[in-house]
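Engineer: Below you'll find model_15.cif; it's mmCIF, C-alpha atoms.
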data_input
#
loop_
_atom_site.label_atom_id
_atom_site.label_comp_id
_atom_site.auth_asym_id
_atom_site.auth_seq_id
_atom_site.Cartn_x
_atom_site.Cartn_y
_atom_site.Cartn_z
CA MET A 1 -43.95 64.90 92.15
CA SER A 2 -41.80 64.75 89.03
CA PRO A 3 -38.51 66.66 88.96
CA ALA A 4 -38.85 70.35 88.26
CA LEU A 5 -38.46 71.87 84.82
CA PRO A 6 -34.81 72.89 84.28
CA ALA A 7 -33.78 76.52 84.10
CA PRO A 8 -34.90 78.10 80.81
CA GLY A 9 -32.73 77.56 77.77
CA ARG A 10 -33.34 76.83 74.12
CA ALA A 11 -36.13 74.32 73.42
CA LEU A 12 -37.14 72.59 70.22
CA VAL A 13 -40.71 71.38 69.72
CA VAL A 14 -41.02 68.83 66.91
CA GLY A 15 -44.50 68.67 65.42
CA LEU A 16 -46.93 71.58 65.70
CA GLY A 17 -50.24 69.80 65.98
CA ARG A 18 -52.50 70.19 68.99
CA SER A 19 -50.10 68.89 71.65
CA GLY A 20 -47.02 70.45 70.02
CA ARG A 21 -48.61 73.88 70.00
CA ALA A 22 -49.60 73.54 73.65
CA SER A 23 -46.06 72.44 74.56
CA ALA A 24 -44.49 75.34 72.69
CA LEU A 25 -46.79 77.87 74.36
CA LEU A 26 -46.07 76.41 77.81
CA LEU A 27 -42.29 76.51 77.32
CA ALA A 28 -42.46 80.09 76.09
CA ALA A 29 -44.52 81.05 79.15
CA GLN A 30 -41.85 79.43 81.33
CA GLY A 31 -39.17 81.65 79.82
CA TRP A 32 -37.68 79.30 77.22
CA GLN A 33 -36.48 80.37 73.80
CA VAL A 34 -38.61 78.09 71.63
CA VAL A 35 -38.23 76.89 68.06
CA GLY A 36 -41.14 74.92 66.65
CA VAL A 37 -40.75 72.79 63.53
CA ASP A 38 -43.10 70.76 61.39
CA ARG A 39 -42.66 68.87 58.13
CA LEU A 40 -45.81 70.58 56.79
CA GLN A 41 -46.47 74.25 56.22
CA VAL A 42 -47.69 75.91 59.43
CA ASP A 43 -49.09 79.42 59.48
CA ASP A 44 -49.44 80.12 63.18
CA THR A 45 -49.61 83.73 64.26
CA GLU A 46 -50.47 82.73 67.87
CA LEU A 47 -47.10 81.02 68.33
CA GLN A 48 -45.17 83.78 66.61
CA ALA A 49 -46.95 86.43 68.68
CA VAL A 50 -45.36 85.10 71.88
CA GLY A 51 -41.88 84.91 70.39
CA ILE A 52 -41.85 81.29 69.19
CA GLU A 53 -39.83 80.82 66.03
CA VAL A 54 -41.78 78.64 63.62
CA ARG A 55 -39.90 76.76 60.90
CA SER A 56 -42.12 74.95 58.44
CA PRO A 57 -41.90 72.97 56.36
CA TRP A 58 -38.73 71.88 58.17
CA ASP A 59 -37.08 68.52 58.64
CA GLU A 60 -33.55 69.45 59.68
CA PRO A 61 -31.76 69.23 63.06
CA VAL A 62 -31.93 72.23 65.39
CA GLU A 63 -29.44 72.77 68.22
CA SER A 64 -31.23 72.94 71.57
CA ASP A 65 -31.06 72.13 75.29
CA LEU A 66 -34.38 70.26 75.35
CA VAL A 67 -36.59 68.63 72.72
CA VAL A 68 -40.33 67.99 73.12
CA ARG A 69 -41.77 65.63 70.54
CA SER A 70 -45.35 65.43 69.43
CA PRO A 71 -46.75 61.88 69.48
CA GLY A 72 -47.35 61.79 65.75
CA VAL A 73 -43.68 62.31 64.93
CA PRO A 74 -41.65 59.10 64.56
CA ARG A 75 -38.34 58.81 66.39
CA GLU A 76 -36.54 58.51 63.05
CA ALA A 77 -37.50 62.04 61.97
CA PRO A 78 -34.20 63.95 61.39
CA PRO A 79 -34.66 66.58 64.16
CA LEU A 80 -35.39 63.82 66.70
CA ALA A 81 -32.74 61.40 65.46
CA ALA A 82 -30.13 64.16 65.76
CA ALA A 83 -31.26 64.98 69.31
CA TYR A 84 -31.05 61.34 70.41
CA ALA A 85 -27.61 61.00 68.83
CA ALA A 86 -26.38 64.15 70.57
CA GLY A 87 -27.71 63.07 73.98
CA THR A 88 -30.13 66.01 74.16
CA PRO A 89 -33.06 65.28 76.51
CA VAL A 90 -36.18 64.36 74.52
CA TRP A 91 -39.52 64.43 76.30
CA SER A 92 -43.07 63.66 75.36
CA GLU A 93 -45.72 66.29 75.97
CA ILE A 94 -47.04 64.46 79.04
CA GLU A 95 -43.54 64.40 80.57
CA LEU A 96 -43.25 68.16 80.11
CA ALA A 97 -46.67 68.70 81.68
CA SER A 98 -45.86 66.52 84.69
CA ARG A 99 -42.79 68.68 85.39
CA VAL A 100 -44.91 71.82 85.65
CA LEU A 101 -48.31 70.77 86.99
CA PRO A 102 -48.64 70.06 90.74
CA ASN A 103 -51.68 67.82 90.19
CA ARG A 104 -51.93 64.13 90.94
CA LEU A 105 -52.12 62.08 87.77
CA MET A 106 -53.87 58.88 86.75
CA GLY A 107 -52.75 57.13 83.58
CA ILE A 108 -54.69 54.86 81.24
CA THR A 109 -53.19 52.97 78.31
CA GLY A 110 -53.93 49.92 76.19
CA THR A 111 -54.74 49.18 72.59
CA ASN A 112 -58.48 49.55 73.07
CA GLY A 113 -60.75 51.07 75.69
CA LYS A 114 -58.47 53.98 76.65
CA THR A 115 -60.83 56.81 75.84
CA THR A 116 -63.90 55.15 77.36
CA THR A 117 -62.04 54.33 80.57
CA THR A 118 -60.50 57.82 80.75
CA GLU A 119 -63.82 59.60 80.33
CA LEU A 120 -65.59 57.13 82.63
CA LEU A 121 -63.07 57.55 85.44
CA ALA A 122 -63.12 61.35 85.22
CA HIS A 123 -66.93 61.23 85.27
CA ILE A 124 -67.02 58.95 88.33
CA LEU A 125 -64.58 61.20 90.21
CA ARG A 126 -66.59 64.33 89.40
CA SER A 127 -69.85 62.59 90.25
CA GLY A 128 -68.31 61.67 93.61
CA GLY A 129 -67.43 65.27 94.41
CA LEU A 130 -63.78 65.36 93.32
CA GLU A 131 -62.46 67.75 90.72
CA ALA A 132 -61.17 65.78 87.74
CA VAL A 133 -60.19 66.48 84.13
CA ALA A 134 -59.90 63.96 81.29
CA CYS A 135 -56.93 64.81 79.10
CA GLY A 136 -54.09 63.45 77.00
CA ASN A 137 -54.56 61.33 73.91
CA GLN A 138 -58.33 61.85 73.97
CA GLY A 139 -57.86 65.39 72.71
CA MET A 140 -57.01 67.78 75.57
CA PRO A 141 -53.21 68.32 75.75
CA VAL A 142 -52.05 68.03 79.34
CA THR A 143 -49.72 71.00 78.86
CA GLY A 144 -52.74 73.12 77.98
CA LEU A 145 -54.07 72.69 81.54
CA VAL A 146 -51.25 74.65 83.19
CA GLY A 147 -52.84 77.62 84.91
CA GLN A 148 -56.32 76.37 83.97
CA VAL A 149 -57.09 73.80 86.67
CA ASP A 150 -57.00 73.79 90.44
CA ALA A 151 -53.95 72.09 91.93
CA ALA A 152 -56.25 69.67 93.81
CA ALA A 153 -57.83 68.31 90.63
CA TRP A 154 -57.07 64.78 89.51
CA LEU A 155 -55.81 64.64 85.93
CA VAL A 156 -56.96 61.47 84.18
CA VAL A 157 -54.50 61.07 81.32
CA GLU A 158 -55.15 58.84 78.32
CA CYS A 159 -51.70 57.71 77.20
CA SER A 160 -50.89 56.34 73.76
CA SER A 161 -47.79 54.26 73.15
CA PHE A 162 -46.30 57.21 71.26
CA GLN A 163 -46.78 59.51 74.27
CA LEU A 164 -45.07 56.98 76.53
CA GLU A 165 -41.86 56.67 74.52
CA ASP A 166 -40.00 59.56 76.20
CA VAL A 167 -41.12 59.76 79.85
CA PRO A 168 -38.04 59.74 82.12
CA SER A 169 -40.02 60.67 85.26
CA PHE A 170 -43.78 60.62 84.49
CA ARG A 171 -45.54 59.12 87.53
CA PRO A 172 -49.26 58.36 87.72
CA ARG A 173 -50.63 57.62 91.19
CA ALA A 174 -52.89 55.02 89.60
CA ALA A 175 -52.36 53.43 86.19
CA VAL A 176 -53.83 50.66 84.07
CA LEU A 177 -52.71 48.72 81.01
CA LEU A 178 -56.06 47.52 79.68
CA ASN A 179 -54.84 45.23 76.90
CA VAL A 180 -52.26 44.84 74.15
CA THR A 181 -53.25 43.61 70.70
CA PRO A 182 -51.58 44.27 67.32
CA ASP A 183 -51.72 47.95 66.39
CA HIS A 184 -49.42 50.64 65.01
CA LEU A 185 -47.18 48.01 63.47
CA ASP A 186 -46.38 50.61 60.83
CA ARG A 187 -44.49 52.47 63.59
CA TYR A 188 -43.03 49.60 65.66
CA ASP A 189 -40.76 46.74 64.67
CA ASP A 190 -43.05 44.21 66.33
CA LEU A 191 -45.73 43.73 68.98
CA ALA A 192 -43.12 43.43 71.74
CA ALA A 193 -41.76 46.91 71.02
CA TYR A 194 -45.27 48.35 71.00
CA ALA A 195 -46.08 46.68 74.33
CA ALA A 196 -42.81 47.84 75.89
CA ALA A 197 -43.72 51.46 75.15
CA LYS A 198 -47.03 51.04 76.94
CA ARG A 199 -45.38 49.52 80.02
CA ASN A 200 -43.38 52.73 80.47
CA LEU A 201 -46.53 54.09 82.13
CA PHE A 202 -45.62 52.18 85.31
CA ALA A 203 -41.85 52.65 85.38
CA HIS A 204 -41.76 55.50 87.92
CA GLN A 205 -44.59 54.50 90.25
CA GLN A 206 -43.98 54.22 93.99
CA PRO A 207 -45.07 51.40 96.37
CA GLY A 208 -48.26 53.16 97.45
CA ASP A 209 -49.45 53.71 93.87
CA LEU A 210 -51.93 51.47 92.04
CA ALA A 211 -50.70 49.48 89.03
CA ILE A 212 -53.31 47.43 87.17
CA MET A 213 -51.67 45.01 84.73
CA PRO A 214 -52.90 42.20 82.46
CA GLN A 215 -52.82 38.71 83.91
CA GLY A 216 -49.29 37.33 84.15
CA GLU A 217 -47.50 40.67 83.75
CA ALA A 218 -45.32 42.24 86.42
CA SER A 219 -45.13 45.98 86.84
CA PRO A 220 -41.79 47.54 85.84
CA GLY A 221 -42.11 50.08 88.64
CA ALA A 222 -42.21 49.88 92.45
CA ALA A 223 -46.00 49.47 92.71
CA PRO A 224 -47.11 45.83 92.95
CA ALA A 225 -49.13 44.58 89.98
CA ARG A 226 -52.86 44.20 90.59
CA ARG A 227 -55.47 42.58 88.32
CA VAL A 228 -59.05 43.03 87.19
CA VAL A 229 -60.77 39.66 86.78
CA ALA A 230 -63.62 39.37 84.27
CA SER A 231 -64.45 35.75 85.11
CA GLY A 232 -63.40 33.09 87.56
CA VAL A 233 -62.36 33.32 91.18
CA PRO A 234 -60.41 36.47 92.08
CA GLY A 235 -56.96 35.92 93.56
CA ASP A 236 -55.18 37.87 96.28
CA ASP A 237 -53.90 40.38 93.70
CA ALA A 238 -57.37 41.18 92.32
CA VAL A 239 -58.37 44.81 92.72
CA ALA A 240 -61.75 44.45 90.98
CA TRP A 241 -63.71 41.51 89.67
CA ALA A 242 -66.97 40.37 88.12
CA GLN A 243 -68.91 38.02 90.36
CA ASP A 244 -72.66 38.49 90.20
CA GLY A 245 -71.90 42.15 89.58
CA LEU A 246 -68.93 44.47 90.01
CA HIS A 247 -66.76 44.09 93.13
CA VAL A 248 -63.81 46.25 94.23
CA SER A 249 -61.25 45.14 96.78
CA GLY A 250 -61.93 46.74 100.17
CA LEU A 251 -65.37 48.04 99.14
CA GLY A 252 -67.27 44.86 98.29
CA ARG A 253 -70.07 44.78 95.72
CA ILE A 254 -70.51 48.04 93.85
CA ALA A 255 -73.38 47.34 91.42
CA GLY A 256 -75.01 44.72 89.26
CA TRP A 257 -73.99 44.67 85.61
CA ASP A 258 -77.56 45.45 84.60
CA GLU A 259 -77.22 48.75 86.50
CA ILE A 260 -74.27 49.86 84.36
CA PRO A 261 -75.23 51.30 80.94
CA LEU A 262 -72.01 50.47 79.04
CA ARG A 263 -72.63 47.64 76.60
CA GLY A 264 -70.37 44.71 75.70
CA THR A 265 -68.20 42.32 77.67
CA HIS A 266 -65.10 44.33 76.74
CA ASN A 267 -66.53 47.26 78.70
CA ARG A 268 -66.56 45.19 81.90
CA GLN A 269 -62.78 45.46 81.98
CA ASN A 270 -63.01 49.21 81.45
CA VAL A 271 -65.57 49.52 84.24
CA MET A 272 -63.56 47.40 86.67
CA ALA A 273 -60.40 49.42 86.04
CA ALA A 274 -62.18 52.77 86.42
CA ALA A 275 -63.94 51.64 89.61
CA ALA A 276 -60.69 50.42 91.18
CA MET A 277 -58.92 53.66 90.33
CA ALA A 278 -61.80 55.72 91.70
CA ALA A 279 -61.58 53.73 94.94
CA HIS A 280 -57.84 54.46 95.04
CA ALA A 281 -58.74 58.18 94.89
CA GLY A 282 -60.92 57.71 97.97
CA LEU A 283 -64.48 57.30 96.63
CA THR A 284 -66.98 55.07 98.42
CA ALA A 285 -68.95 52.22 96.85
CA PRO A 286 -72.21 54.26 96.59
CA ALA A 287 -70.35 57.15 94.94
CA ILE A 288 -68.75 54.83 92.39
CA ALA A 289 -72.08 53.13 91.67
CA ALA A 290 -73.78 56.49 91.08
CA GLY A 291 -71.05 57.57 88.68
CA LEU A 292 -71.24 54.33 86.71
CA ALA A 293 -75.03 54.52 86.42
CA SER A 294 -74.97 58.09 85.07
CA PHE A 295 -72.22 57.68 82.44
CA ALA A 296 -73.57 58.15 78.92
CA GLY A 297 -70.56 56.85 76.98
CA VAL A 298 -68.29 58.68 74.55
CA PRO A 299 -68.89 59.83 70.99
CA HIS A 300 -67.70 57.52 68.21
CA ARG A 301 -67.44 54.48 70.52
CA LEU A 302 -70.53 52.25 70.18
CA GLU A 303 -72.56 55.45 69.91
CA VAL A 304 -76.17 54.80 68.93
CA VAL A 305 -76.94 57.64 66.55
CA GLY A 306 -80.55 56.66 65.89
CA VAL A 307 -83.13 54.14 64.75
CA ALA A 308 -85.06 54.08 61.46
CA GLY A 309 -87.59 51.44 60.48
CA GLY A 310 -86.46 49.20 63.32
CA VAL A 311 -82.80 49.40 62.19
CA THR A 312 -80.27 50.71 64.73
CA TYR A 313 -77.33 52.79 63.47
CA VAL A 314 -74.19 52.58 65.62
CA ASN A 315 -71.12 54.81 65.22
CA ASP A 316 -67.98 53.00 66.34
CA SER A 317 -65.56 55.06 64.25
CA LYS A 318 -63.03 54.98 67.08
CA ALA A 319 -62.49 51.27 66.34
CA THR A 320 -59.26 51.88 64.42
CA ASN A 321 -57.90 48.32 64.73
CA PRO A 322 -59.33 44.82 64.34
CA ALA A 323 -59.51 44.06 68.07
CA ALA A 324 -61.74 47.08 68.65
CA ALA A 325 -64.05 46.02 65.82
CA ILE A 326 -64.20 42.49 67.29
CA ALA A 327 -65.29 44.01 70.62
CA ALA A 328 -68.04 45.90 68.80
CA LEU A 329 -69.33 42.69 67.20
CA ASP A 330 -69.35 41.12 70.67
CA ALA A 331 -71.56 43.98 71.87
CA TYR A 332 -74.02 43.35 69.01
CA PRO A 333 -74.09 39.56 68.56
CA ASP A 334 -77.26 39.48 66.43
CA ARG A 335 -77.54 40.33 62.72
CA VAL A 336 -75.10 43.13 61.85
CA ILE A 337 -74.58 45.04 58.62
CA LEU A 338 -70.93 46.02 59.01
CA ILE A 339 -69.17 49.02 57.48
CA ALA A 340 -65.38 48.70 57.70
CA GLY A 341 -62.13 49.70 56.04
CA GLY A 342 -59.80 52.66 55.85
CA SER A 343 -56.08 53.28 55.86
CA SER A 344 -53.73 50.47 56.83
CA LYS A 345 -51.86 50.19 60.13
CA GLY A 346 -50.15 46.96 59.15
CA THR A 347 -52.52 44.69 61.10
CA PRO A 348 -54.05 41.45 59.75
CA PHE A 349 -57.82 40.96 59.54
CA ASP A 350 -58.11 37.18 60.01
CA ASP A 351 -59.41 37.35 63.60
CA LEU A 352 -61.96 40.01 62.68
CA ALA A 353 -63.21 37.90 59.79
CA GLU A 354 -63.60 34.90 62.08
CA ALA A 355 -65.56 37.03 64.59
CA ALA A 356 -67.80 38.21 61.73
CA ARG A 357 -68.72 34.65 60.75
CA GLY A 358 -72.36 34.04 61.61
CA VAL A 359 -72.85 37.61 62.93
CA VAL A 360 -72.27 39.89 59.94
CA ASP A 361 -74.83 39.48 57.19
CA THR A 362 -73.00 41.75 54.73
CA ALA A 363 -69.89 43.88 55.07
CA HIS A 364 -69.71 47.14 53.15
CA LEU A 365 -66.06 48.09 52.69
CA ILE A 366 -64.32 51.39 52.03
CA GLY A 367 -60.81 52.75 51.77
CA GLU A 368 -57.44 51.33 50.84
CA THR A 369 -57.82 48.19 52.97
CA ALA A 370 -61.06 47.10 51.29
CA PRO A 371 -59.33 44.39 49.17
CA GLN A 372 -57.57 42.88 52.21
CA LEU A 373 -60.77 42.90 54.24
CA ALA A 374 -62.76 41.38 51.38
CA ALA A 375 -60.27 38.52 51.05
CA ALA A 376 -60.25 37.76 54.80
CA LEU A 377 -64.03 37.93 55.09
CA GLY A 378 -64.48 35.80 52.00
CA ASP A 379 -62.33 33.07 53.53
CA CYS A 380 -64.84 32.96 56.41
CA GLY A 381 -67.90 32.95 54.17
CA VAL A 382 -68.91 36.56 54.86
CA THR A 383 -70.32 38.47 51.90
CA SER A 384 -68.76 41.87 51.24
CA VAL A 385 -69.24 44.74 48.81
CA SER A 386 -66.69 47.50 48.20
CA HIS A 387 -67.69 51.15 47.83
CA ARG A 388 -65.96 54.31 46.72
CA ASN A 389 -66.87 56.23 49.89
CA LEU A 390 -68.67 56.05 53.22
CA GLN A 391 -71.80 57.71 51.93
CA SER A 392 -72.30 54.96 49.35
CA ALA A 393 -71.62 52.27 51.96
CA VAL A 394 -74.19 53.64 54.41
CA SER A 395 -76.79 53.99 51.68
CA ALA A 396 -76.28 50.37 50.56
CA ALA A 397 -76.23 49.09 54.15
CA SER A 398 -79.48 50.89 54.89
CA ALA A 399 -81.14 49.54 51.77
CA GLY A 400 -80.23 45.96 52.71
CA ALA A 401 -81.13 46.18 56.41
CA ARG A 402 -84.35 44.84 57.91
CA PRO A 403 -86.04 45.57 61.26
CA GLY A 404 -83.92 44.35 64.15
CA ASP A 405 -80.63 44.75 62.26
CA VAL A 406 -77.73 46.91 63.36
CA VAL A 407 -75.86 49.03 60.81
CA LEU A 408 -72.49 49.22 62.50
CA LEU A 409 -69.61 51.46 61.46
CA SER A 410 -66.61 49.75 63.05
CA PRO A 411 -63.79 50.30 60.56
CA ALA A 412 -60.91 48.30 62.13
CA CYS A 413 -58.61 50.78 60.36
CA ALA A 414 -57.31 54.31 60.61
CA SER A 415 -59.20 57.07 58.85
CA PHE A 416 -56.53 59.08 57.10
CA ASP A 417 -57.05 57.82 53.55
CA GLN A 418 -60.43 59.58 53.25
CA PHE A 419 -60.95 61.62 56.44
CA ARG A 420 -59.14 64.11 58.69
CA SER A 421 -59.64 61.91 61.76
CA TYR A 422 -61.81 59.15 63.17
CA GLU A 423 -64.04 61.92 64.59
CA HIS A 424 -64.56 63.32 61.10
CA ARG A 425 -65.38 59.82 59.83
CA GLY A 426 -67.89 59.29 62.64
CA ASP A 427 -69.51 62.67 62.01
CA VAL A 428 -69.98 61.80 58.34
CA PHE A 429 -71.53 58.45 59.31
CA ARG A 430 -73.89 60.21 61.71
CA GLU A 431 -75.01 62.58 58.97
CA CYS A 432 -75.52 59.68 56.53
CA ALA A 433 -77.55 57.74 59.09
CA ARG A 434 -79.80 60.73 59.63
CA GLU A 435 -80.27 61.06 55.89
CA CYS A 436 -81.52 57.47 56.06
CA GLY A 437 -84.07 58.56 58.66
CA ALA A 438 -82.25 57.60 61.87
CA ARG A 439 -83.50 59.62 64.82
#
Would you write the structure of this file as structure tokens?

Structural biologist:
Amino acid sequence: MSPALPAPGRALVVGLGRSGRASALLLAAQGWQVVGVDRLQVDDTELQAVGIEVRSPWDEPVESDLVVRSPGVPREAPPLAAAYAAGTPVWSEIELASRVLPNRLMGITGTNGKTTTTELLAHILRSGGLEAVACGNQGMPVTGLVGQVDAAAWLVVECSSFQLEDVPSFRPRAAVLLNVTPDHLDRYDDLAAYAAAKRNLFAHQQPGDLAIMPQGEASPGAAPARRVVASGVPGDDAVAWAQDGLHVSGLGRIAGWDEIPLRGTHNRQNVMAAAAMAAHAGLTAPAIAAGLASFAGVPHRLEVVGVAGGVTYVNDSKATNPAAAIAALDAYPDRVILIAGGSSKGTPFDDLAEAARGVVDTAHLIGETAPQLAAALGDCGVTSVSHRNLQSAVSAASAGARPGDVVLLSPACASFDQFRSYEHRGDVFRECARECGAR
């Protein structure tokens, strides 16, 4: 277990979004005097009702014994910068939760595939008779589970790089780094800094824990690095591999790939990681196979929202970086009508444009990155049209599609220029597709 929460004192929670609110409420319930700050106006009677002092808008230092930062708040924000300079302990929300919850944790990080693997693993565990909860970056704050779940439940925690920046003791019993590709370069100096944050997931593991790392990477913790192998001969360090189906070390063949509903070669890595972690929790091969076969996928990730006139409409709004959009094109290698664009995260689009060559018939672009995407696609001979909003893009894509085509929303960008979240963007796409007759 992680070290216990210190004796109550004065705590500062920076950022009062979903995880910040949950952290503030947990600290107050543990007897702490809590101040919550946010740079935006927050009208929160629930926090104030339990004695939490809310200061918003507020961007000034606050003297405290402990600081809990929300993942959306950069380290340079004045309240955080002052805490770091003063030597005040700064924790992420998942660190705080691990100090209070007695549950065993599993951690999943990577640029792409985190949510699918998190939800898949929790589903497999539940299907196999174990209590399990998916939480973390996928939407359920881990701190919000205190007092809500049985101590025997496995907590499957999706961990973003931001959540892993301040974790002095967070220890998952099984953890995976799925991949690292350019993302969030508006928050990190370079790709190396972004990757280093993700590797913090393994720093406090013990020898008996499971650490699944990309090929060639060593684990920074005490657990030996293991691999998932998508092709080729598995080595001694392989914990799962693809060889005429899915295999897991110690269990043998689990299932054929045609028995697993998840589409796309990128999902094989997600499946292998989830299967290996489920085996680490004690599930048998038949139990893992049954869980894999019954998993329906997650909303906004290669979600088929309907078919109209032989045209399939696919919502991949969760593809918020180019690598995720490339994986979506791999899953649909025939004629695609692509809808992409949004707010910039500082990532280039050259690789996406190359992947679109010969696959994407026309790209319909939206948002502030539309000019950059148009230039990259044009260099690869892919026709593109820019639109003022998603509704116009879907309407044009539908009008130009023919039977057998896929209208694919895979933006390769964040959503915050025109939408509240990628979920909001995906919901709007779903509504537009249904207006085009998709059922």

Engineer: Applied to the shown file, which residues does the PyMOL selection byres ((chain A and resi 313-316) around 6) return, written as a list in words?

Structural biologist: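 Output from the PyMOL selection byres ((chain A and resi 313-316) around 6), applied to this file: His300, Arg301, Leu302, Glu303, Val304, Val305, Gly306, Thr312, Ser317, Lys318, Ala319, Val406, Val407, Leu408, Leu409 and Ser410 of chain A.
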
Engineer: So what do you get for atom CA of A:Val248 versus atom CA of A:Arg227, distance-wise?

Structural biologist: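 Between atom CA of A:Val248 and atom CA of A:Arg227 the gap works out to 10.9 Å.
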
Engineer: Selected by the PyMOL selection byres ((chain A and resi 3) around 8) in the shown coordinates: which residues, as a PyMOL selection string?

Structural biologist: chain A and resi 1-2+4-5+99+169

Engineer: I'd like the residues picked by the PyMOL selection byres ((chain A and resi 138) around 12) written out as JSON, numbers by chain, using the chain letters and numbers from the file.

Structural biologist: {"A": [18, 19, 108, 109, 113, 114, 115, 116, 117, 118, 119, 133, 134, 135, 136, 137, 139, 140, 141, 142, 156, 157, 158, 159, 160, 163, 298, 299, 300, 318, 422, 423]}

Engineer: Between A:Arg430, A:Ala290, A:Thr383, A:Asp183, which has the minimum distance to A:Cys413 (counting only C-alpha atoms)?

Structural biologist: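 Closest to A:Cys413 of all the choices is A:Asp183.
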
Engineer: Might you pull out every residue within 12 Å of A:His247, with all atoms listed in the file counted and same-chain residues fewer than 5 positions away left off, and present them as a PDB file with C-alpha atoms, in the frame of the given file?

Structural biologist:
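result18.pdb was written with the following content:
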ATOM      1  CA  VAL A 228     -59.050  43.030  87.190  1.00  0.00           C
ATOM      2  CA  VAL A 229     -60.770  39.660  86.780  1.00  0.00           C
ATOM      3  CA  ALA A 230     -63.620  39.370  84.270  1.00  0.00           C
ATOM      4  CA  SER A 231     -64.450  35.750  85.110  1.00  0.00           C
ATOM      5  CA  VAL A 233     -62.360  33.320  91.180  1.00  0.00           C
ATOM      6  CA  PRO A 234     -60.410  36.470  92.080  1.00  0.00           C
ATOM      7  CA  ALA A 238     -57.370  41.180  92.320  1.00  0.00           C
ATOM      8  CA  VAL A 239     -58.370  44.810  92.720  1.00  0.00           C
ATOM      9  CA  ALA A 240     -61.750  44.450  90.980  1.00  0.00           C
ATOM     10  CA  TRP A 241     -63.710  41.510  89.670  1.00  0.00           C
ATOM     11  CA  ALA A 242     -66.970  40.370  88.120  1.00  0.00           C
ATOM     12  CA  GLY A 252     -67.270  44.860  98.290  1.00  0.00           C
ATOM     13  CA  ARG A 253     -70.070  44.780  95.720  1.00  0.00           C
ATOM     14  CA  ILE A 254     -70.510  48.040  93.850  1.00  0.00           C
ATOM     15  CA  ALA A 255     -73.380  47.340  91.420  1.00  0.00           C
ATOM     16  CA  GLY A 256     -75.010  44.720  89.260  1.00  0.00           C
ATOM     17  CA  TRP A 257     -73.990  44.670  85.610  1.00  0.00           C
ATOM     18  CA  ARG A 268     -66.560  45.190  81.900  1.00  0.00           C
ATOM     19  CA  GLN A 269     -62.780  45.460  81.980  1.00  0.00           C
ATOM     20  CA  VAL A 271     -65.570  49.520  84.240  1.00  0.00           C
ATOM     21  CA  MET A 272     -63.560  47.400  86.670  1.00  0.00           C
ATOM     22  CA  ALA A 273     -60.400  49.420  86.040  1.00  0.00           C
ATOM     23  CA  ALA A 274     -62.180  52.770  86.420  1.00  0.00           C
ATOM     24  CA  ALA A 275     -63.940  51.640  89.610  1.00  0.00           C
ATOM     25  CA  ALA A 276     -60.690  50.420  91.180  1.00  0.00           C
ATOM     26  CA  ALA A 279     -61.580  53.730  94.940  1.00  0.00           C
ATOM     27  CA  ALA A 285     -68.950  52.220  96.850  1.00  0.00           C
ATOM     28  CA  ILE A 288     -68.750  54.830  92.390  1.00  0.00           C
ATOM     29  CA  ALA A 289     -72.080  53.130  91.670  1.00  0.00           C
TER      30      ALA A 289
END

Engineer: Mind pulling up the distance from atom CA of A:Arg226 to atom CA of A:Gln205?

Structural biologist: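 Taking atom CA of A:Gln205 and atom CA of A:Arg226, their separation equals 13.2 Å.
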
Engineer: Go ahead and compute the interatomic distance for atom CA of A:Gln372 and atom CA of A:Asn321, in Å to one decimal.

Structural biologist: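 Here the two named atoms are 13.7 Å from each other.
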
Engineer: May I have the residues within 7 Å of A:Phe170 as a list in words, using only C-alpha atoms and disregarding those fewer than 3 positions away in the same chain?

Structural biologist: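 Returned residues: Ser2, Glu95, Ser98, Val167 and His204 of chain A.
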
Engineer: Taking only C-alpha atoms into account, which of A:Gly110, A:Pro411, A:Pro261, A:Pro286 comes nearest A:Asn200?

Structural biologist: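 Among the listed residues, A:Gly110 lies closest to A:Asn200.
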
Engineer: Neighbouring residues of A:Pro403 were defined as those with any atom within 12 Å, considering all atoms listed in the file; residues of the same chain fewer than 5 positions away were excluded. Please report them as a list in words.

Structural biologist: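 The filter keeps Val307, Ala308, Gly309, Gly310, Val311, Thr312, Tyr313, Asp334, Arg335, Val336, Ile337 and Ser398 of chain A.
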
Engineer: Using only C-alpha atoms, can you tell me which of A:Asp258, A:Asp186, A:Glu60, A:Asp237 comes closest to A:Asp38?

Structural biologist: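 The closest residue to A:Asp38 is A:Glu60.
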
Engineer: Could the centre and edge lengths of an axis-aligned box, enclosing all atoms of stretch 413-418 of chain A in the file with 4 Å extra on each side, be given in Å to one decimal as lines of an AutoDock Vina configuration file?

Structural biologist:
center_x = -58.5
center_y = 55.2
center_z = 56.9
size_x = 11.9
size_y = 16.8
size_z = 15.4

Engineer: Please determine the residues with any atom at most 12 Å from (-68.3, 39.0, 52.2) (coordinates as given in the file, with only C-alpha atoms counting) and report them as JSON, numbers by chain.

Structural biologist: {"A": [337, 338, 339, 340, 353, 354, 356, 357, 358, 359, 360, 361, 362, 363, 364, 365, 370, 371, 372, 373, 374, 375, 376, 377, 378, 379, 380, 381, 382, 383, 384, 385, 386]}

Engineer: Might you pull out every residue within 10 Å of A:Leu27, with only C-alpha atoms counted and same-chain residues fewer than 2 positions away left off, and present them as a VMD selection string?

Structural biologist: chain A and resid 5 8 to 13 22 to 25 29 to 34 52 68 96 to 97 100 143

Engineer: List the spatial neighbours of stretch 43-48 of chain A as a list in words - criterion: any atom at most 9 Å away, all atoms listed in the file, same-chain residues fewer than 5 positions off excluded.

Structural biologist: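 My list of contacting residues is Arg21, Ala24, Leu25, Gly36, Glu53, Val54 and Ser56 of chain A.
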